[in-house]
Amino acid sequence: MSDFRLAPGTIQLNHGSFGATPEPVMAAAEAWRRDFEADPTHFMRARWAPCLAEARAKLAAFLNADPAGLAFVTNASEGANAVLRSLAFAPGDEILVTSHGYRAVAKTVAHVCATSGAAMRVADVPFPLTDDAQILAPIEAALSTRTRLIVVDHITSPTTTVFPVAKIQALGRKRGIPVLIDGAHAPGQLALDLAALAPDFYIGNCHKWLFAAKGAAFLCVAPPFRMRLHPGTISHGYGQGLAAEFDWTGTRDVGAWLSVPEGIAYAERHGGWPALRARNAAMIDAAVATLAKAWGTRIGAGAGMRAQMGCVEIPLAGPADEARAQALWTKLHAAHRIQMPVIAFAGALWARPSAQIYNSPADYDALARVDWRALDA
């Protein structure tokens, strides 16, 4: 689509990693930056707080969330750090993650454990997956009397699987264990109702599937934890509540945060969010079926367990390690001008295509014709 500055001649099948911001939203972010620069002092003293409050209220309405429990952050990893580094852990405590978790968040957990004496425990969830029971059983089995926090992805980054977060949260609540839901990929891909889900902690990116400018994400916190959470940089808002602490950590460019309402509006002007989600989900369902048939391989997440990204096994035997995956990703782009992650997971190599408003079936037909053995030579 002409609204996106995507490179001509490149097939973009990796919306999942970094998103792609349409021109009207970039223009909105730039307009906010120019407004700021026109009178920085006035903006900081008189407009900063109310403008952020208005943008937060519009995001809260979209998510059906309580604005008082919503804070802007730069990305989901920053939100995860805020939660993990604000809570208190002690020797003997355990933080439970899954084998499908995002690597950066797992490293944050490892750091928190190293500095507190707690232990990171990993629930080994299999892959491919066909039903929720395969996810819930290993998580429940890994819980113990020492578990102090469960960290789980809503849509997993390496395997594109929609995890049953409400059921996982119920497992935690039954035992009095809070749950941090990493929803980095969920806003825009899924119809979120955070009031109904009532998460302890939920983090999500706005610059991926909500079309916002880069550097826009949110942290949603349940009432019992709001005064216990603090940003990585303590500043003037300390002790004044979630929004005050996270909004003001010093002078910064807030154009991306203030572009969030325009990102939401962009999809509303192009058929609406339900229609866009349905279109993209149908496209990725057809794509993974086409790819699996062309390559004679497995689909990662079963029907109903994916949203607008998919995983299909690449038809290559031999080592399935990170170095080989990265090399194939680079060669795929160099030889075919296809931009798409190659993932090493569960003893196999996987293609991870996305579907977004600018994609068409022809994009996946081109991917289906790729000779992986030639790329791997």
# chains A, B, ... in the order shown; residues from 1 in each chain; ligands from 1
>>> select_by_dssp(residues="segment 84-322 of chain A", states="alpha helix (DSSP H)", output="PyMOL selection string")
chain A and resi 84-86+103-116+133-142+165-174+194-197+242-247+255-258+260-269+273-295+322
>>> residues_around(residues="segment 164-166 of chain A", least_positions_apart="3", cutoff="10 Å", atoms="only C-alpha atoms", output="list in words")
Asp131, Asp132, Ala133, Ile135, Leu136, Val152, Asp153, His154, Ile155, Thr161, Gln169, Ala170, Leu171, Gly172, Val179, Leu180, Ile181, Asp182, Gly183, Ala196, Leu197, Ala198, Pro199 and Met305 of chain A
>>> residues_around(residues="segment 72-80 of chain A", least_positions_apart="2", cutoff="8 Å", atoms="only C-alpha atoms", output="list of chain:residue names")
A:Arg56, A:Leu70, A:Ala82, A:Val83, A:Leu84, A:Ala104, A:Val105, A:Thr108, A:Leu180, A:Asp182, A:Gly183, A:Ala184, A:Ile203, A:Gly204, A:Asn205, A:Gly215, A:Ala216, A:Ala217, A:Phe218, A:Leu219, A:Ala243, A:Phe246, A:Asp247, A:Trp257
>>> residues_around(residues="segment 312-314 of chain A", least_positions_apart="2", cutoff="9 Å", atoms="only C-alpha atoms", output="PDB file with N, CA and C atoms, in the first residue's frame")
ATOM      1  N   VAL A 288      -0.079 -20.615   5.547  1.00  0.00           N
ATOM      2  CA  VAL A 288       0.627 -21.746   6.170  1.00  0.00           C
ATOM      3  C   VAL A 288       0.201 -23.060   5.518  1.00  0.00           C
ATOM      4  N   ALA A 289      -1.047 -23.156   5.091  1.00  0.00           N
ATOM      5  CA  ALA A 289      -1.488 -24.362   4.391  1.00  0.00           C
ATOM      6  C   ALA A 289      -0.755 -24.508   3.058  1.00  0.00           C
ATOM      7  N   LEU A 291       2.205 -23.210   2.243  1.00  0.00           N
ATOM      8  CA  LEU A 291       3.627 -23.467   2.477  1.00  0.00           C
ATOM      9  C   LEU A 291       3.860 -24.915   2.912  1.00  0.00           C
ATOM     10  N   ALA A 292       3.030 -25.406   3.828  1.00  0.00           N
ATOM     11  CA  ALA A 292       3.203 -26.785   4.312  1.00  0.00           C
ATOM     12  C   ALA A 292       3.014 -27.795   3.183  1.00  0.00           C
ATOM     13  N   TRP A 295       6.108 -27.519   0.738  1.00  0.00           N
ATOM     14  CA  TRP A 295       7.354 -28.011   1.314  1.00  0.00           C
ATOM     15  C   TRP A 295       7.238 -29.422   1.894  1.00  0.00           C
ATOM     16  N   GLY A 296       6.006 -29.928   2.032  1.00  0.00           N
ATOM     17  CA  GLY A 296       5.818 -31.252   2.622  1.00  0.00           C
ATOM     18  C   GLY A 296       6.217 -31.310   4.080  1.00  0.00           C
ATOM     19  N   THR A 297       5.888 -30.245   4.832  1.00  0.00           N
ATOM     20  CA  THR A 297       6.319 -30.150   6.227  1.00  0.00           C
ATOM     21  C   THR A 297       5.151 -29.846   7.158  1.00  0.00           C
ATOM     22  N   ARG A 298       5.479 -29.641   8.447  1.00  0.00           N
ATOM     23  CA  ARG A 298       4.470 -29.445   9.482  1.00  0.00           C
ATOM     24  C   ARG A 298       4.152 -27.970   9.697  1.00  0.00           C
ATOM     25  N   ILE A 299       2.906 -27.741  10.141  1.00  0.00           N
ATOM     26  CA  ILE A 299       2.485 -26.423  10.605  1.00  0.00           C
ATOM     27  C   ILE A 299       2.678 -26.401  12.118  1.00  0.00           C
ATOM     28  N   GLY A 300       3.187 -25.283  12.649  1.00  0.00           N
ATOM     29  CA  GLY A 300       3.520 -25.217  14.067  1.00  0.00           C
ATOM     30  C   GLY A 300       2.320 -25.183  14.997  1.00  0.00           C
ATOM     31  N   ALA A 301       1.538 -24.124  14.934  1.00  0.00           N
ATOM     32  CA  ALA A 301       0.371 -23.977  15.806  1.00  0.00           C
ATOM     33  C   ALA A 301      -0.876 -24.366  15.027  1.00  0.00           C
ATOM     34  N   GLY A 310       2.290 -17.048  11.500  1.00  0.00           N
ATOM     35  CA  GLY A 310       2.271 -18.500  11.468  1.00  0.00           C
ATOM     36  C   GLY A 310       3.671 -19.075  11.457  1.00  0.00           C
ATOM     37  N   LEU A 316      14.486 -28.883   5.732  1.00  0.00           N
ATOM     38  CA  LEU A 316      15.927 -29.106   5.795  1.00  0.00           C
ATOM     39  C   LEU A 316      16.254 -30.015   6.961  1.00  0.00           C
ATOM     40  N   ALA A 317      17.028 -31.040   6.719  1.00  0.00           N
ATOM     41  CA  ALA A 317      17.512 -31.897   7.799  1.00  0.00           C
ATOM     42  C   ALA A 317      18.799 -31.295   8.357  1.00  0.00           C
ATOM     43  N   VAL A 342      13.647 -16.656  10.162  1.00  0.00           N
ATOM     44  CA  VAL A 342      13.839 -18.111  10.216  1.00  0.00           C
ATOM     45  C   VAL A 342      14.195 -18.432  11.662  1.00  0.00           C
ATOM     46  N   ALA A 348      14.019 -28.145  15.001  1.00  0.00           N
ATOM     47  CA  ALA A 348      13.703 -27.923  13.592  1.00  0.00           C
ATOM     48  C   ALA A 348      13.870 -26.449  13.259  1.00  0.00           C
ATOM     49  N   LEU A 349      13.892 -26.151  11.955  1.00  0.00           N
ATOM     50  CA  LEU A 349      13.939 -24.779  11.461  1.00  0.00           C
ATOM     51  C   LEU A 349      12.549 -24.402  10.963  1.00  0.00           C
ATOM     52  N   TRP A 350      12.117 -23.179  11.296  1.00  0.00           N
ATOM     53  CA  TRP A 350      10.741 -22.759  11.000  1.00  0.00           C
ATOM     54  C   TRP A 350      10.726 -21.421  10.284  1.00  0.00           C
ATOM     55  N   ALA A 351       9.854 -21.316   9.287  1.00  0.00           N
ATOM     56  CA  ALA A 351       9.553 -20.030   8.662  1.00  0.00           C
ATOM     57  C   ALA A 351       8.459 -19.364   9.486  1.00  0.00           C
ATOM     58  N   ARG A 352       8.607 -18.020   9.722  1.00  0.00           N
ATOM     59  CA  ARG A 352       7.615 -17.302  10.526  1.00  0.00           C
ATOM     60  C   ARG A 352       7.069 -16.091   9.754  1.00  0.00           C
ATOM     61  N   PRO A 353       6.143 -16.346   8.804  1.00  0.00           N
ATOM     62  CA  PRO A 353       5.558 -15.229   8.072  1.00  0.00           C
ATOM     63  C   PRO A 353       4.456 -14.526   8.869  1.00  0.00           C
ATOM     64  N   TRP A 372      14.996 -24.155  -0.439  1.00  0.00           N
ATOM     65  CA  TRP A 372      15.761 -24.011   0.791  1.00  0.00           C
ATOM     66  C   TRP A 372      17.096 -24.754   0.730  1.00  0.00           C
TER      67      TRP A 372
END
>>> closest_residue(among="A:Thr145, A:Thr21, A:Thr130, A:Gln339", to="Ile95 of chain A", atoms="only C-alpha atoms")
A:Thr145
>>> residues_around(residues="segment 188-192 of chain A", least_positions_apart="5", cutoff="7 Å", atoms="only C-alpha atoms", output="list in words")
Leu63, Trp209, Leu210, Arg277, Ala307 and Gln308 of chain A
>>> closest_residue(among="A:Glu140, A:Asp39, A:Asp93, A:Asp376", to="Ala119 of chain A", atoms="only C-alpha atoms")
A:Asp93
>>> residues_around(residues="Ala335 of chain A", least_positions_apart="6", cutoff="12 Å", atoms="only C-alpha atoms", output="short mmCIF file (atom, residue, chain, number, x, y, z; two decimals) with C-alpha atoms, in the first residue's frame")
data_model
loop_
_atom_site.label_atom_id
_atom_site.label_comp_id
_atom_site.auth_asym_id
_atom_site.auth_seq_id
_atom_site.Cartn_x
_atom_site.Cartn_y
_atom_site.Cartn_z
CA THR A 10 11.03 -6.51 -1.20
CA ILE A 11 8.32 -8.87 0.02
CA ALA A 327 22.29 -17.52 7.85
CA LEU A 328 19.16 -18.75 6.07
CA TRP A 329 17.27 -15.58 7.01
CA LEU A 367 7.87 -17.87 -0.47
CA VAL A 370 11.94 -20.92 -2.40
CA ASP A 371 14.49 -23.74 -2.77
CA TRP A 372 15.76 -24.01 0.79
CA ALA A 374 19.95 -24.20 -2.58
CA LEU A 375 19.95 -21.44 0.06
CA ASP A 376 21.55 -23.79 2.58
#
>>> select_by_dssp(residues="segment 48-284 of chain A", states="strand (DSSP E)", output="ChimeraX atom specification")
/A:70-73,94-98,119-123,147-153,179-183,201-205,217-221
>>> closest_residue(among="A:Arg148, A:Arg45, A:Phe36, A:Leu87", to="Pro231 of chain A", atoms="only C-alpha atoms")
A:Leu87
>>> residues_around(residues="Val25 of chain A", least_positions_apart="6", cutoff="8 Å", atoms="only C-alpha atoms", output="list in words")
Phe211, Ala212, Ala213, Ser259, Glu262, Gly263 and Tyr266 of chain A
>>> write_last_selection(atoms="N, CA and C atoms", output="compact mmCIF listing (two decimals), in the first residue's frame")
# COMPACT_ATOMS: atom_id res chain seq x y z
N PHE A 211 -0.04 -0.05 14.67
CA PHE A 211 0.41 0.93 13.67
C PHE A 211 1.04 2.20 14.25
N ALA A 212 1.27 2.29 15.55
CA ALA A 212 1.84 3.50 16.13
C ALA A 212 3.30 3.66 15.70
N ALA A 213 3.84 4.86 15.92
CA ALA A 213 5.25 5.10 15.63
C ALA A 213 6.13 4.28 16.58
N SER A 259 1.15 9.36 19.17
CA SER A 259 0.66 8.87 17.87
C SER A 259 -0.25 7.66 18.00
N GLU A 262 -3.82 7.90 16.63
CA GLU A 262 -3.86 7.92 15.17
C GLU A 262 -3.62 6.53 14.59
N GLY A 263 -2.78 5.73 15.25
CA GLY A 263 -2.59 4.34 14.83
C GLY A 263 -3.87 3.54 14.93
N TYR A 266 -6.23 4.64 12.21
CA TYR A 266 -5.84 4.23 10.86
C TYR A 266 -6.62 2.99 10.43
>>> closest_residue(among="A:Ala346, A:Ala267, A:Ala366, A:Val151", to="Gly101 of chain A", atoms="only C-alpha atoms")
A:Val151
>>> atom_distance(atom1="atom CA of Val122 of chain A", atom2="atom CA of Val162 of chain A")
18.3 Å
>>> closest_residue(among="A:Ala222, A:Ile357, A:Ala186, A:Ala90", to="Phe201 of chain A", atoms="only C-alpha atoms")
A:Ala222
>>> atom_distance(atom1="atom CA of Ile264 of chain A", atom2="atom CA of Lys208 of chain A")
11.5 Å
>>> closest_residue(among="A:Met44, A:Ala38, A:Cys220, A:Leu96", to="Gly250 of chain A", atoms="only C-alpha atoms")
A:Met44
>>> atom_distance(atom1="atom CA of Ala294 of chain A", atom2="atom CA of Gly16 of chain A")
23.1 Å
